[in-house]
Amino acid sequence: MQPKLLVVEDETRMLEEIQTYLLHEGFRVLNASNGKEALTIARSERPDLVVLDWMLPEKSGIDVVREIRQISNCGIIMVTARSDESDKIVGLEIGADDYLTKPFSLRELSSRIRALLRRLRGPEDRLMLLERDNLIISEAKCQVFQDGQEIQLTPTEFKILYTLAARPGMVFSRLQLLKAALADEYMGYERTMDSHIRNLRRKLGDDPANPRYIQTVYGFGYRFGEQS
Ligand code: CA
């Protein structure tokens, strides 16, 4: 399935140009000419990514980003005509993922869209081992090394660090980090995992008090034992 984009732009000619180009690039493209319409479409069509003009009639780009973020984690690229840095910073802080300053080439827009879609596909598609600055972060082992020394983090601290380091430069709201760290919505599934593990141990003859195969890592989950 091709990614679904929503382009929000009040200048008709520009909207048409962008839409034509992105359709030609193989995307599915929806459009809106104001913020209110954009929110309605974002709700009903669940686009993968929104290209959002910052200067819109009725609702400002800021309001549109805030309201989209309440309903969706889709990618948001804001398009600003101003060279004013503060606009971009505000936009990124409230949940936009990237920005383009007018005038921009359609080719650049398309490549930014592809880059952001790749980034949004999430850490599961990426390397399990992150090397950032002097840190090595192993998602697989839930371990962090700084200059080769292991740093002891709580599970929540680890998940926050991993979430941030997986996408350098990307701004996460406190709420996004909280969701990444706690993943409340998966709690039900986590409990059913405990019974799968119990059954697996029983079938493998693994002693839960001193498991040879599947070890419990408190606060994180489980790992397969390493034989030295
Ligand atoms: Ca505009």
# chains A, B, ... in the order shown; residues from 1 in each chain; ligands from 1

call {"tool": "residues_near_ligand", "arguments": {"ligand": "ligand 1", "cutoff": "7 Å", "atoms": "only C-alpha atoms and all ligand atoms", "output": "number ranges by chain"}}
result
A: 9-11, 53-56

call {"tool": "select_by_dssp", "arguments": {"residues": "region 14-228 of chain A", "states": "strand (DSSP E)", "output": "compact mmCIF listing (two decimals) with all heavy atoms, in the first residue's frame"}}
result
# COMPACT_ATOMS: atom_id res chain seq x y z
N ARG A 28 -0.38 8.31 -2.39
CA ARG A 28 -1.79 8.67 -2.39
C ARG A 28 -1.88 10.04 -1.74
O ARG A 28 -1.25 10.27 -0.71
CB ARG A 28 -2.61 7.65 -1.59
CG ARG A 28 -2.69 6.29 -2.29
CD ARG A 28 -3.49 5.31 -1.48
NE ARG A 28 -2.76 4.91 -0.29
CZ ARG A 28 -3.33 4.36 0.78
NH1 ARG A 28 -4.62 4.18 0.82
NH2 ARG A 28 -2.59 4.00 1.81
N VAL A 29 -2.60 10.97 -2.34
CA VAL A 29 -2.57 12.35 -1.85
C VAL A 29 -3.98 12.90 -1.62
O VAL A 29 -4.80 12.92 -2.53
CB VAL A 29 -1.82 13.28 -2.85
CG1 VAL A 29 -1.64 14.66 -2.22
CG2 VAL A 29 -0.48 12.70 -3.24
N LEU A 30 -4.23 13.34 -0.39
CA LEU A 30 -5.47 14.04 -0.07
C LEU A 30 -5.11 15.50 0.10
O LEU A 30 -3.95 15.84 0.33
CB LEU A 30 -6.02 13.52 1.26
CG LEU A 30 -6.25 12.01 1.33
CD1 LEU A 30 -6.34 11.56 2.78
CD2 LEU A 30 -7.49 11.64 0.57
N ASN A 31 -6.10 16.39 -0.01
CA ASN A 31 -5.75 17.79 0.20
C ASN A 31 -6.81 18.52 1.00
O ASN A 31 -7.97 18.12 1.06
CB ASN A 31 -5.48 18.48 -1.14
CG ASN A 31 -6.72 18.58 -1.99
OD1 ASN A 31 -7.65 19.31 -1.64
ND2 ASN A 31 -6.77 17.81 -3.07
N ALA A 32 -6.35 19.60 1.63
CA ALA A 32 -7.23 20.47 2.39
C ALA A 32 -6.73 21.89 2.22
O ALA A 32 -5.53 22.11 2.09
CB ALA A 32 -7.22 20.07 3.87
N LEU A 49 1.17 10.85 6.73
CA LEU A 49 2.00 12.04 6.88
C LEU A 49 1.22 13.26 6.40
O LEU A 49 0.45 13.18 5.44
CB LEU A 49 3.27 11.85 6.04
CG LEU A 49 4.38 12.89 6.16
CD1 LEU A 49 5.73 12.22 5.95
CD2 LEU A 49 4.23 14.02 5.16
N VAL A 50 1.41 14.39 7.10
CA VAL A 50 0.73 15.63 6.73
C VAL A 50 1.78 16.67 6.34
O VAL A 50 2.76 16.87 7.08
CB VAL A 50 -0.11 16.17 7.90
CG1 VAL A 50 -0.78 17.49 7.52
CG2 VAL A 50 -1.16 15.15 8.34
N VAL A 51 1.61 17.28 5.18
CA VAL A 51 2.43 18.43 4.78
C VAL A 51 1.58 19.66 5.06
O VAL A 51 0.51 19.83 4.46
CB VAL A 51 2.79 18.37 3.28
CG1 VAL A 51 3.60 19.60 2.87
CG2 VAL A 51 3.57 17.09 2.97
N LEU A 52 2.03 20.46 6.01
CA LEU A 52 1.16 21.51 6.55
C LEU A 52 1.74 22.91 6.36
O LEU A 52 2.78 23.24 6.92
CB LEU A 52 0.98 21.24 8.06
CG LEU A 52 0.17 22.25 8.84
CD1 LEU A 52 -1.29 22.25 8.42
CD2 LEU A 52 0.29 21.96 10.33
N ASP A 53 1.02 23.71 5.58
CA ASP A 53 1.38 25.11 5.44
C ASP A 53 1.15 25.80 6.79
O ASP A 53 0.13 25.57 7.44
CB ASP A 53 0.51 25.76 4.35
CG ASP A 53 0.87 27.21 4.12
OD1 ASP A 53 2.03 27.59 4.41
OD2 ASP A 53 0.00 27.97 3.68
N GLY A 75 3.35 11.50 10.58
CA GLY A 75 4.41 12.45 10.34
C GLY A 75 3.84 13.82 10.00
O GLY A 75 2.80 13.90 9.36
N ILE A 76 4.50 14.87 10.47
CA ILE A 76 4.05 16.22 10.11
C ILE A 76 5.26 17.03 9.63
O ILE A 76 6.24 17.19 10.36
CB ILE A 76 3.41 16.96 11.30
CG1 ILE A 76 2.18 16.19 11.82
CG2 ILE A 76 3.00 18.38 10.88
CD1 ILE A 76 1.51 16.82 13.03
N ILE A 77 5.19 17.48 8.38
CA ILE A 77 6.20 18.40 7.87
C ILE A 77 5.54 19.76 7.73
O ILE A 77 4.54 19.90 7.03
CB ILE A 77 6.73 17.95 6.48
CG1 ILE A 77 7.41 16.58 6.60
CG2 ILE A 77 7.70 19.00 5.91
CD1 ILE A 77 7.91 16.03 5.27
N MET A 78 6.07 20.75 8.46
CA MET A 78 5.46 22.07 8.34
C MET A 78 6.19 22.86 7.27
O MET A 78 7.40 22.75 7.10
CB MET A 78 5.47 22.79 9.68
CG MET A 78 6.81 22.87 10.32
SD MET A 78 6.69 23.89 11.81
CE MET A 78 8.25 23.53 12.56
N VAL A 79 5.40 23.66 6.57
CA VAL A 79 5.96 24.49 5.51
C VAL A 79 5.77 25.93 5.94
O VAL A 79 4.64 26.39 6.15
CB VAL A 79 5.22 24.24 4.17
CG1 VAL A 79 5.74 25.20 3.10
CG2 VAL A 79 5.39 22.79 3.75
N THR A 80 6.87 26.62 6.14
CA THR A 80 6.77 28.00 6.61
C THR A 80 7.37 28.96 5.60
O THR A 80 8.38 28.68 4.97
CB THR A 80 7.43 28.16 8.01
OG1 THR A 80 7.66 29.53 8.24
CG2 THR A 80 8.73 27.40 8.11
N ASP A 98 9.38 17.80 11.03
CA ASP A 98 10.37 18.40 10.14
C ASP A 98 9.76 19.69 9.57
O ASP A 98 8.57 19.92 9.73
CB ASP A 98 10.69 17.42 8.99
CG ASP A 98 12.00 17.77 8.29
OD1 ASP A 98 12.66 18.76 8.68
OD2 ASP A 98 12.36 17.05 7.34
N TYR A 99 10.59 20.51 8.94
CA TYR A 99 10.03 21.71 8.33
C TYR A 99 10.74 22.03 7.01
O TYR A 99 11.88 21.62 6.80
CB TYR A 99 10.12 22.92 9.26
CG TYR A 99 11.54 23.33 9.59
CD1 TYR A 99 12.26 24.16 8.72
CD2 TYR A 99 12.15 22.88 10.75
CE1 TYR A 99 13.56 24.52 9.02
CE2 TYR A 99 13.44 23.25 11.05
CZ TYR A 99 14.15 24.06 10.17
OH TYR A 99 15.44 24.42 10.46
N LEU A 100 10.03 22.74 6.17
CA LEU A 100 10.60 23.26 4.93
C LEU A 100 10.27 24.74 4.88
O LEU A 100 9.19 25.16 5.28
CB LEU A 100 9.93 22.59 3.73
CG LEU A 100 10.51 21.29 3.19
CD1 LEU A 100 9.61 20.75 2.10
CD2 LEU A 100 11.93 21.50 2.66
N THR A 101 11.22 25.52 4.38
CA THR A 101 10.96 26.95 4.24
C THR A 101 10.69 27.26 2.78
O THR A 101 11.40 26.80 1.89
CB THR A 101 12.19 27.76 4.73
OG1 THR A 101 12.50 27.32 6.06
CG2 THR A 101 11.89 29.24 4.77
N LEU A 129 21.21 -2.22 17.75
CA LEU A 129 22.30 -1.65 18.52
C LEU A 129 22.55 -0.23 18.03
O LEU A 129 22.86 -0.01 16.88
CB LEU A 129 23.56 -2.50 18.30
CG LEU A 129 24.69 -2.29 19.28
CD1 LEU A 129 24.32 -2.84 20.66
CD2 LEU A 129 25.94 -2.97 18.78
N LEU A 130 22.38 0.73 18.93
CA LEU A 130 22.59 2.12 18.55
C LEU A 130 23.96 2.57 19.05
O LEU A 130 24.30 2.34 20.20
CB LEU A 130 21.51 3.01 19.16
CG LEU A 130 20.06 2.69 18.82
CD1 LEU A 130 19.13 3.61 19.61
CD2 LEU A 130 19.81 2.84 17.34
N GLU A 131 24.71 3.22 18.19
CA GLU A 131 25.97 3.83 18.62
C GLU A 131 25.82 5.33 18.46
O GLU A 131 25.68 5.84 17.35
CB GLU A 131 27.12 3.31 17.77
CG GLU A 131 27.30 1.82 17.95
CD GLU A 131 28.55 1.29 17.24
OE1 GLU A 131 29.64 1.88 17.46
OE2 GLU A 131 28.41 0.34 16.47
N ARG A 132 25.79 6.02 19.59
CA ARG A 132 25.57 7.46 19.57
C ARG A 132 26.63 8.11 20.45
O ARG A 132 26.69 7.82 21.64
CB ARG A 132 24.19 7.82 20.13
CG ARG A 132 23.03 7.18 19.40
CD ARG A 132 22.69 7.94 18.12
NE ARG A 132 21.55 7.37 17.47
CZ ARG A 132 21.60 6.50 16.45
NH1 ARG A 132 22.77 6.13 15.96
NH2 ARG A 132 20.50 6.04 15.91
N LEU A 135 28.14 6.53 23.48
CA LEU A 135 27.21 5.57 24.05
C LEU A 135 26.97 4.40 23.10
O LEU A 135 26.91 4.60 21.88
CB LEU A 135 25.85 6.22 24.34
CG LEU A 135 25.81 7.39 25.32
CD1 LEU A 135 24.38 7.92 25.41
CD2 LEU A 135 26.30 6.96 26.70
N ILE A 136 26.83 3.22 23.65
CA ILE A 136 26.35 2.08 22.89
C ILE A 136 25.10 1.59 23.60
O ILE A 136 25.13 1.30 24.80
CB ILE A 136 27.41 0.96 22.79
CG1 ILE A 136 28.60 1.46 21.97
CG2 ILE A 136 26.80 -0.29 22.15
CD1 ILE A 136 29.74 0.48 21.88
N ILE A 137 24.01 1.54 22.88
CA ILE A 137 22.73 1.18 23.48
C ILE A 137 22.22 -0.07 22.80
O ILE A 137 21.96 -0.07 21.60
CB ILE A 137 21.70 2.33 23.30
CG1 ILE A 137 22.28 3.64 23.86
CG2 ILE A 137 20.39 1.98 24.00
CD1 ILE A 137 21.51 4.87 23.46
N SER A 138 22.11 -1.12 23.56
CA SER A 138 21.62 -2.38 23.01
C SER A 138 20.17 -2.57 23.39
O SER A 138 19.85 -2.81 24.55
CB SER A 138 22.46 -3.55 23.53
OG SER A 138 21.77 -4.77 23.28
N GLN A 143 20.84 -2.80 27.62
CA GLN A 143 22.05 -2.33 28.30
C GLN A 143 22.57 -1.07 27.62
O GLN A 143 22.44 -0.91 26.41
CB GLN A 143 23.14 -3.40 28.22
CG GLN A 143 22.93 -4.56 29.18
CD GLN A 143 24.01 -5.61 29.01
OE1 GLN A 143 24.38 -5.96 27.89
NE2 GLN A 143 24.52 -6.11 30.12
N VAL A 144 23.17 -0.21 28.43
CA VAL A 144 23.78 1.01 27.92
C VAL A 144 25.23 1.07 28.38
O VAL A 144 25.52 0.85 29.57
CB VAL A 144 23.05 2.26 28.44
CG1 VAL A 144 23.72 3.53 27.94
CG2 VAL A 144 21.59 2.25 28.01
N PHE A 145 26.13 1.33 27.45
CA PHE A 145 27.54 1.47 27.79
C PHE A 145 28.01 2.87 27.42
O PHE A 145 27.74 3.36 26.34
CB PHE A 145 28.38 0.44 27.02
CG PHE A 145 28.02 -0.97 27.38
CD1 PHE A 145 27.05 -1.65 26.67
CD2 PHE A 145 28.65 -1.62 28.43
CE1 PHE A 145 26.70 -2.95 26.99
CE2 PHE A 145 28.33 -2.92 28.77
CZ PHE A 145 27.35 -3.59 28.05
N GLN A 146 28.72 3.48 28.36
CA GLN A 146 29.31 4.80 28.11
C GLN A 146 30.82 4.64 28.20
O GLN A 146 31.33 4.22 29.25
CB GLN A 146 28.80 5.78 29.18
CG GLN A 146 29.26 7.21 28.97
CD GLN A 146 28.76 8.09 30.09
OE1 GLN A 146 28.83 7.70 31.25
NE2 GLN A 146 28.26 9.25 29.75
N GLN A 149 31.83 1.42 29.68
CA GLN A 149 31.36 1.10 31.03
C GLN A 149 29.85 1.00 31.03
O GLN A 149 29.17 1.91 30.56
CB GLN A 149 31.76 2.20 32.02
CG GLN A 149 33.25 2.34 32.26
CD GLN A 149 33.82 1.23 33.12
OE1 GLN A 149 33.24 0.88 34.14
NE2 GLN A 149 34.93 0.65 32.68
N GLU A 150 29.32 -0.09 31.60
CA GLU A 150 27.87 -0.21 31.63
C GLU A 150 27.27 0.78 32.61
O GLU A 150 27.74 0.95 33.73
CB GLU A 150 27.44 -1.64 32.01
CG GLU A 150 25.92 -1.78 31.85
CD GLU A 150 25.40 -3.19 32.08
OE1 GLU A 150 26.21 -4.11 32.33
OE2 GLU A 150 24.18 -3.35 32.00
N ILE A 151 26.19 1.46 32.17
CA ILE A 151 25.48 2.41 33.02
C ILE A 151 24.19 1.74 33.45
O ILE A 151 23.45 1.22 32.62
CB ILE A 151 25.12 3.70 32.24
CG1 ILE A 151 26.36 4.32 31.59
CG2 ILE A 151 24.40 4.70 33.13
CD1 ILE A 151 27.38 4.83 32.57
N ILE A 214 15.00 -19.46 29.68
CA ILE A 214 14.32 -18.17 29.61
C ILE A 214 14.40 -17.49 30.96
O ILE A 214 13.77 -17.91 31.93
CB ILE A 214 12.85 -18.34 29.17
CG1 ILE A 214 12.80 -19.03 27.80
CG2 ILE A 214 12.14 -16.98 29.11
CD1 ILE A 214 11.40 -19.40 27.34
N GLN A 215 15.19 -16.42 31.03
CA GLN A 215 15.41 -15.72 32.28
C GLN A 215 14.55 -14.47 32.36
O GLN A 215 14.33 -13.80 31.35
CB GLN A 215 16.90 -15.33 32.41
CG GLN A 215 17.81 -16.56 32.37
CD GLN A 215 19.26 -16.19 32.16
OE1 GLN A 215 19.60 -15.05 31.85
NE2 GLN A 215 20.13 -17.19 32.33
N THR A 216 14.07 -14.18 33.55
CA THR A 216 13.29 -12.96 33.77
C THR A 216 14.25 -11.81 34.03
O THR A 216 15.17 -11.92 34.84
CB THR A 216 12.37 -13.14 34.99
OG1 THR A 216 11.55 -14.30 34.77
CG2 THR A 216 11.48 -11.92 35.19
N VAL A 217 14.05 -10.71 33.31
CA VAL A 217 14.83 -9.50 33.58
C VAL A 217 13.86 -8.51 34.21
O VAL A 217 12.97 -7.98 33.54
CB VAL A 217 15.44 -8.91 32.29
CG1 VAL A 217 16.31 -7.70 32.61
CG2 VAL A 217 16.25 -9.97 31.57
N GLY A 221 11.47 -7.65 31.07
CA GLY A 221 10.81 -8.77 30.42
C GLY A 221 11.65 -10.02 30.54
O GLY A 221 12.00 -10.42 31.65
N TYR A 222 12.02 -10.58 29.41
CA TYR A 222 12.71 -11.86 29.44
C TYR A 222 13.89 -11.84 28.48
O TYR A 222 13.95 -11.05 27.56
CB TYR A 222 11.74 -12.98 29.00
CG TYR A 222 10.53 -13.09 29.88
CD1 TYR A 222 9.32 -12.49 29.51
CD2 TYR A 222 10.58 -13.76 31.08
CE1 TYR A 222 8.20 -12.58 30.32
CE2 TYR A 222 9.47 -13.86 31.91
CZ TYR A 222 8.27 -13.27 31.51
OH TYR A 222 7.18 -13.35 32.32
N ARG A 223 14.80 -12.77 28.70
CA ARG A 223 15.88 -12.97 27.74
C ARG A 223 16.26 -14.44 27.76
O ARG A 223 16.01 -15.16 28.75
CB ARG A 223 17.11 -12.11 28.09
CG ARG A 223 17.81 -12.62 29.32
CD ARG A 223 19.14 -11.93 29.57
NE ARG A 223 19.59 -12.28 30.90
CZ ARG A 223 20.09 -11.41 31.76
NH1 ARG A 223 20.24 -10.15 31.45
NH2 ARG A 223 20.48 -11.83 32.96
N PHE A 224 16.86 -14.87 26.66
CA PHE A 224 17.35 -16.24 26.59
C PHE A 224 18.72 -16.28 27.25
O PHE A 224 19.57 -15.42 26.99
CB PHE A 224 17.44 -16.70 25.14
CG PHE A 224 17.56 -18.19 24.98
CD1 PHE A 224 16.44 -18.99 24.91
CD2 PHE A 224 18.82 -18.80 24.95
CE1 PHE A 224 16.55 -20.36 24.79
CE2 PHE A 224 18.94 -20.18 24.83
CZ PHE A 224 17.79 -20.96 24.75

call {"tool": "residues_around", "arguments": {"residues": "Lys36 (chain A)", "least_positions_apart": "3", "cutoff": "12 Å", "atoms": "only C-alpha atoms", "output": "ChimeraX atom specification"}}
result
/A:8-10,31-33,39-43,56-61,63-65,67-68

call {"tool": "residues_around", "arguments": {"residues": "Leu200 (chain A)", "least_positions_apart": "5", "cutoff": "10 Å", "atoms": "only C-alpha atoms", "output": "list in words"}}
result
Asp194, Ser195, Gly205, Asp206, Tyr213 and Ile214 of chain A

call {"tool": "select_by_dssp", "arguments": {"residues": "region 52-197 of chain A", "states": "alpha helix (DSSP H)", "output": "MDAnalysis selection string"}}
result
chainID A and resid 61:71 85:93 106:120 155:166 174:182 187:197

call {"tool": "residues_around", "arguments": {"residues": "Ala180 (chain A)", "least_positions_apart": "2", "cutoff": "7 Å", "atoms": "only C-alpha atoms", "output": "list in words"}}
result
Lys159, Ile160, Thr163, Gln176, Leu177, Leu178, Leu182 and Ala183 of chain A

call {"tool": "write_last_selection", "arguments": {"atoms": "all heavy atoms", "output": "PDB file, in the first residue's frame"}}
result
ATOM      1  N   LYS A 159      14.088   3.003  28.368  1.00  0.00           N
ATOM      2  CA  LYS A 159      13.170   3.158  27.240  1.00  0.00           C
ATOM      3  C   LYS A 159      13.139   4.596  26.741  1.00  0.00           C
ATOM      4  O   LYS A 159      13.039   4.842  25.541  1.00  0.00           O
ATOM      5  CB  LYS A 159      11.768   2.682  27.626  1.00  0.00           C
ATOM      6  CG  LYS A 159      11.692   1.156  27.697  1.00  0.00           C
ATOM      7  CD  LYS A 159      10.364   0.683  28.231  1.00  0.00           C
ATOM      8  CE  LYS A 159      10.452  -0.772  28.644  1.00  0.00           C
ATOM      9  NZ  LYS A 159       9.295  -1.173  29.459  1.00  0.00           N
ATOM     10  N   ILE A 160      13.219   5.545  27.669  1.00  0.00           N
ATOM     11  CA  ILE A 160      13.238   6.957  27.267  1.00  0.00           C
ATOM     12  C   ILE A 160      14.507   7.238  26.463  1.00  0.00           C
ATOM     13  O   ILE A 160      14.460   7.823  25.379  1.00  0.00           O
ATOM     14  CB  ILE A 160      13.155   7.883  28.508  1.00  0.00           C
ATOM     15  CG1 ILE A 160      11.770   7.760  29.156  1.00  0.00           C
ATOM     16  CG2 ILE A 160      13.440   9.323  28.118  1.00  0.00           C
ATOM     17  CD1 ILE A 160      11.662   8.416  30.517  1.00  0.00           C
ATOM     18  N   THR A 163      14.337   5.510  23.026  1.00  0.00           N
ATOM     19  CA  THR A 163      13.387   6.192  22.141  1.00  0.00           C
ATOM     20  C   THR A 163      14.020   7.444  21.549  1.00  0.00           C
ATOM     21  O   THR A 163      13.937   7.702  20.347  1.00  0.00           O
ATOM     22  CB  THR A 163      12.111   6.572  22.926  1.00  0.00           C
ATOM     23  OG1 THR A 163      11.552   5.381  23.476  1.00  0.00           O
ATOM     24  CG2 THR A 163      11.079   7.238  22.024  1.00  0.00           C
ATOM     25  N   GLN A 176       4.646  11.858  24.418  1.00  0.00           N
ATOM     26  CA  GLN A 176       5.156  10.807  23.528  1.00  0.00           C
ATOM     27  C   GLN A 176       6.163   9.920  24.250  1.00  0.00           C
ATOM     28  O   GLN A 176       6.159   8.706  24.099  1.00  0.00           O
ATOM     29  CB  GLN A 176       5.818  11.436  22.298  1.00  0.00           C
ATOM     30  CG  GLN A 176       4.846  11.970  21.282  1.00  0.00           C
ATOM     31  CD  GLN A 176       5.561  12.725  20.167  1.00  0.00           C
ATOM     32  OE1 GLN A 176       6.399  13.587  20.424  1.00  0.00           O
ATOM     33  NE2 GLN A 176       5.232  12.398  18.936  1.00  0.00           N
ATOM     34  N   LEU A 177       7.034  10.561  25.037  1.00  0.00           N
ATOM     35  CA  LEU A 177       8.046   9.788  25.770  1.00  0.00           C
ATOM     36  C   LEU A 177       7.394   8.902  26.826  1.00  0.00           C
ATOM     37  O   LEU A 177       7.791   7.758  27.028  1.00  0.00           O
ATOM     38  CB  LEU A 177       9.059  10.722  26.436  1.00  0.00           C
ATOM     39  CG  LEU A 177      10.066  11.361  25.486  1.00  0.00           C
ATOM     40  CD1 LEU A 177      10.971  12.307  26.264  1.00  0.00           C
ATOM     41  CD2 LEU A 177      10.889  10.300  24.782  1.00  0.00           C
ATOM     42  N   LEU A 178       6.379   9.461  27.461  1.00  0.00           N
ATOM     43  CA  LEU A 178       5.671   8.697  28.478  1.00  0.00           C
ATOM     44  C   LEU A 178       5.040   7.454  27.854  1.00  0.00           C
ATOM     45  O   LEU A 178       5.139   6.351  28.385  1.00  0.00           O
ATOM     46  CB  LEU A 178       4.583   9.581  29.088  1.00  0.00           C
ATOM     47  CG  LEU A 178       4.034   9.170  30.437  1.00  0.00           C
ATOM     48  CD1 LEU A 178       5.125   9.230  31.487  1.00  0.00           C
ATOM     49  CD2 LEU A 178       2.882  10.085  30.831  1.00  0.00           C
ATOM     50  N   LEU A 182       6.089   3.766  28.911  1.00  0.00           N
ATOM     51  CA  LEU A 182       5.145   2.984  29.703  1.00  0.00           C
ATOM     52  C   LEU A 182       4.307   2.024  28.878  1.00  0.00           C
ATOM     53  O   LEU A 182       3.956   0.951  29.324  1.00  0.00           O
ATOM     54  CB  LEU A 182       4.222   3.913  30.494  1.00  0.00           C
ATOM     55  CG  LEU A 182       4.953   4.851  31.449  1.00  0.00           C
ATOM     56  CD1 LEU A 182       3.977   5.765  32.152  1.00  0.00           C
ATOM     57  CD2 LEU A 182       5.763   4.066  32.474  1.00  0.00           C
ATOM     58  N   ALA A 183       4.005   2.448  27.648  1.00  0.00           N
ATOM     59  CA  ALA A 183       3.224   1.616  26.737  1.00  0.00           C
ATOM     60  C   ALA A 183       2.037   0.978  27.450  1.00  0.00           C
ATOM     61  O   ALA A 183       1.811  -0.218  27.389  1.00  0.00           O
ATOM     62  CB  ALA A 183       4.107   0.558  26.087  1.00  0.00           C
TER      63      ALA A 183
END

call {"tool": "atom_distance", "arguments": {"atom1": "CA of Arg198 (chain A)", "atom2": "CA of Glu226 (chain A)"}}
result
19.3 Å

call {"tool": "closest_residue", "arguments": {"among": "A:Lys88, A:His196, A:Arg69, A:Arg114", "to": "Phe172 (chain A)", "atoms": "only C-alpha atoms"}}
result
A:Arg69

call {"tool": "closest_residue", "arguments": {"among": "A:Ala165, A:Ile89, A:Ala96, A:Ala181", "to": "Cys74 (chain A)", "atoms": "only C-alpha atoms"}}
result
A:Ala96

call {"tool": "residues_around", "arguments": {"residues": "Met1 (chain A)", "least_positions_apart": "3", "cutoff": "12 Å", "atoms": "only C-alpha atoms", "output": "list in words"}}
result
Lys4, Gly26, Phe27, Arg28 and Asp48 of chain A

call {"tool": "write_last_selection", "arguments": {"atoms": "C-alpha atoms", "output": "compact mmCIF listing (two decimals), in the first residue's frame"}}
result
# COMPACT_ATOMS: atom_id res chain seq x y z
CA LYS A 4 -1.24 8.26 2.26
CA GLY A 26 3.45 7.31 -6.37
CA PHE A 27 1.90 8.61 -3.14
CA ARG A 28 -1.79 8.67 -2.39
CA ASP A 48 0.57 8.57 7.24

call {"tool": "atom_distance", "arguments": {"atom1": "CA of Gly225 (chain A)", "atom2": "CA of Lys203 (chain A)"}}
result
16.4 Å
